[in-house]
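What follows is a short report on a single structure.
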Amino acid sequence: MIGDEWMTTTLLIILLISIIQTFSIFSFVLCHRNHLPKMTGMLVSMSLGMSVGLWIGVIFGIIWTGNLFQSTVYAILIGLTVGYVTGMPIGLIAVIDGALSGLMGGMMGAMLGDMIAMSHPDTTIKLLSFIISMILTIVLYTIGEQIQNKTYHSFWFVNHSFLMLFIITAIYFGLSFTGPVFFGH
């Protein structure tokens, strides 16, 4: 139990999708960091830091409604850490960009979560998760395309990017018919 709420299966599925996407992008950057331009590395660290910070900030803001300090601090720390760690294989500028984006995303997410906690938390979480998942899919496509241009390797997600977008859309469409993200809301 976190705060006063129990997480549901819907939230755990959304969490699992987000974690898989984050780790796959990070591991892909780590394995192919020598073939990525610095600008693409900055894009990746900023995207992951901001996305994770914003997403986890909204979750914490809803869970700890009324305690903006606690949700903000934890969301900032997680977003900052993800942005920092993702930027490390690329260089110092990517580290700075990722850390600052994670800090900003965590702060904005916690405020948003605290503000919408009483009105429409389930809709907000599902919609925000879908948008972030689509953006991270485009980021993964961008990384794969950059590496393909330099190494002439073929990656299935670059060649079948529409299939990936369709699968993610279908998953989130199915999640829209599931129960609430949080009990008690």
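Residue numbering restarts at 1 in every chain; chains get A, B, ... in the order shown in the structure tokens, and ligands count up from 1 in that same order.
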
Write down as an mmCIF file with C-alpha atoms, in the first residue's frame the residues of range 89-180 of chain A whose backbone DSSP state falls under helix (DSSP H, G or I).
```
data_model
loop_
_atom_site.group_PDB
_atom_site.id
_atom_site.type_symbol
_atom_site.label_atom_id
_atom_site.label_comp_id
_atom_site.auth_asym_id
_atom_site.auth_seq_id
_atom_site.Cartn_x
_atom_site.Cartn_y
_atom_site.Cartn_z
ATOM 1 C CA LEU A 92 28.324 15.924 -20.237
ATOM 2 C CA ILE A 93 25.895 18.067 -22.249
ATOM 3 C CA ALA A 94 23.435 15.160 -22.505
ATOM 4 C CA VAL A 95 23.778 14.578 -18.751
ATOM 5 C CA ILE A 96 22.966 18.220 -18.003
ATOM 6 C CA ASP A 97 20.033 18.264 -20.449
ATOM 7 C CA GLY A 98 18.619 15.006 -19.139
ATOM 8 C CA ALA A 99 18.991 15.929 -15.475
ATOM 9 C CA LEU A 100 17.371 19.344 -15.919
ATOM 10 C CA SER A 101 14.542 17.886 -18.000
ATOM 11 C CA GLY A 102 13.924 15.216 -15.383
ATOM 12 C CA LEU A 103 13.884 17.835 -12.648
ATOM 13 C CA MET A 104 11.410 19.978 -14.563
ATOM 14 C CA GLY A 105 9.217 17.011 -15.545
ATOM 15 C CA GLY A 106 9.048 15.734 -11.983
ATOM 16 C CA MET A 107 8.060 19.138 -10.666
ATOM 17 C CA MET A 108 5.371 19.694 -13.312
ATOM 18 C CA GLY A 109 4.036 16.145 -12.969
ATOM 19 C CA ALA A 110 3.659 16.394 -9.209
ATOM 20 C CA MET A 111 1.781 19.677 -9.535
ATOM 21 C CA LEU A 112 -0.497 18.259 -12.239
ATOM 22 C CA GLY A 113 -1.175 15.102 -10.221
ATOM 23 C CA ASP A 114 -2.016 17.080 -7.120
ATOM 24 C CA MET A 115 -4.366 19.378 -9.053
ATOM 25 C CA ILE A 116 -6.319 16.674 -10.901
ATOM 26 C CA PRO A 121 -7.234 10.969 -12.248
ATOM 27 C CA ASP A 122 -7.924 7.778 -14.243
ATOM 28 C CA THR A 123 -8.473 9.576 -17.530
ATOM 29 C CA THR A 124 -5.422 11.753 -16.986
ATOM 30 C CA ILE A 125 -3.142 8.798 -16.202
ATOM 31 C CA LYS A 126 -4.348 6.755 -19.177
ATOM 32 C CA LEU A 127 -4.125 9.668 -21.620
ATOM 33 C CA LEU A 128 -0.753 10.887 -20.348
ATOM 34 C CA SER A 129 0.663 7.357 -20.416
ATOM 35 C CA PHE A 130 -0.538 6.870 -23.990
ATOM 36 C CA ILE A 131 1.002 10.158 -25.156
ATOM 37 C CA ILE A 132 4.307 9.470 -23.396
ATOM 38 C CA SER A 133 4.395 5.925 -24.771
ATOM 39 C CA MET A 134 3.889 7.215 -28.319
ATOM 40 C CA ILE A 135 6.617 9.831 -27.878
ATOM 41 C CA LEU A 136 9.056 7.233 -26.532
ATOM 42 C CA THR A 137 8.223 5.003 -29.509
ATOM 43 C CA ILE A 138 9.128 7.863 -31.846
ATOM 44 C CA VAL A 139 12.351 8.415 -29.863
ATOM 45 C CA LEU A 140 13.230 4.727 -30.271
ATOM 46 C CA TYR A 141 12.510 4.991 -33.995
ATOM 47 C CA THR A 142 14.773 8.053 -34.236
ATOM 48 C CA ILE A 143 17.624 6.241 -32.497
ATOM 49 C CA GLY A 144 17.246 3.191 -34.733
ATOM 50 C CA GLU A 145 17.153 5.318 -37.865
ATOM 51 C CA GLN A 146 20.310 7.204 -36.845
ATOM 52 C CA ILE A 147 22.171 3.967 -36.167
ATOM 53 C CA GLN A 148 20.909 2.338 -39.366
ATOM 54 C CA ASN A 149 22.264 5.263 -41.389
ATOM 55 C CA LYS A 150 25.748 4.842 -39.880
ATOM 56 C CA THR A 151 26.095 1.066 -39.517
ATOM 57 C CA TRP A 156 12.736 -4.417 -36.980
ATOM 58 C CA PHE A 157 11.175 -1.452 -35.149
ATOM 59 C CA VAL A 158 12.496 0.974 -37.770
ATOM 60 C CA ASN A 159 11.183 -1.103 -40.648
ATOM 61 C CA SER A 161 7.324 1.423 -36.935
ATOM 62 C CA PHE A 162 3.648 1.638 -37.845
ATOM 63 C CA LEU A 163 3.121 -1.842 -36.440
ATOM 64 C CA MET A 164 4.670 -0.737 -33.136
ATOM 65 C CA LEU A 165 2.460 2.348 -33.016
ATOM 66 C CA PHE A 166 -0.599 0.231 -33.804
ATOM 67 C CA ILE A 167 0.217 -2.300 -31.062
ATOM 68 C CA ILE A 168 0.709 0.440 -28.460
ATOM 69 C CA THR A 169 -2.519 2.129 -29.544
ATOM 70 C CA ALA A 170 -4.393 -1.176 -29.298
ATOM 71 C CA ILE A 171 -3.010 -1.849 -25.813
ATOM 72 C CA TYR A 172 -4.011 1.577 -24.531
ATOM 73 C CA PHE A 173 -7.377 1.364 -26.261
ATOM 74 C CA GLY A 174 -7.942 -1.907 -24.411
ATOM 75 C CA LEU A 175 -6.849 -0.270 -21.151
#
```

Go through chain A and collect every residue that DSSP, computed from the backbone, puts in strand (DSSP E or B); the answer should be as number ranges by chain. A: 2, 5, 7, 182

Taking only C-alpha atoms into account, name the residue in A:Gln70, A:Asn34, A:Ser47, A:Thr22 that is nearest to Gly91 in chain A. A:Asn34

Work out how far apart CA of Pro89 in chain A and CA of Ser24 in chain A are and give it in Å to one decimal.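 CA of Pro89 in chain A sits 14.6 Å away from CA of Ser24 in chain A.
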
Near Ser71 in chain A, counting only C-alpha atoms, which residues have an atom at most 8 Å away, once you skip same-chain residues fewer than 6 positions from it, shown as an NGL selection string? :A and (57 or 60-61 or 64 or 110)

Please produce a file of the residues just selected, as a PDB file, in the first residue's frame, where the atoms kept are C-alpha atoms.
```
ATOM      1  CA  GLY A  57       5.155  12.961 -10.775  1.00  0.00           C
ATOM      2  CA  PHE A  60       2.880  10.452  -6.926  1.00  0.00           C
ATOM      3  CA  GLY A  61       0.782  13.637  -6.989  1.00  0.00           C
ATOM      4  CA  TRP A  64      -0.031  11.696  -2.074  1.00  0.00           C
ATOM      5  CA  ALA A 110       3.659  16.394  -9.209  1.00  0.00           C
TER       6      ALA A 110
END
```
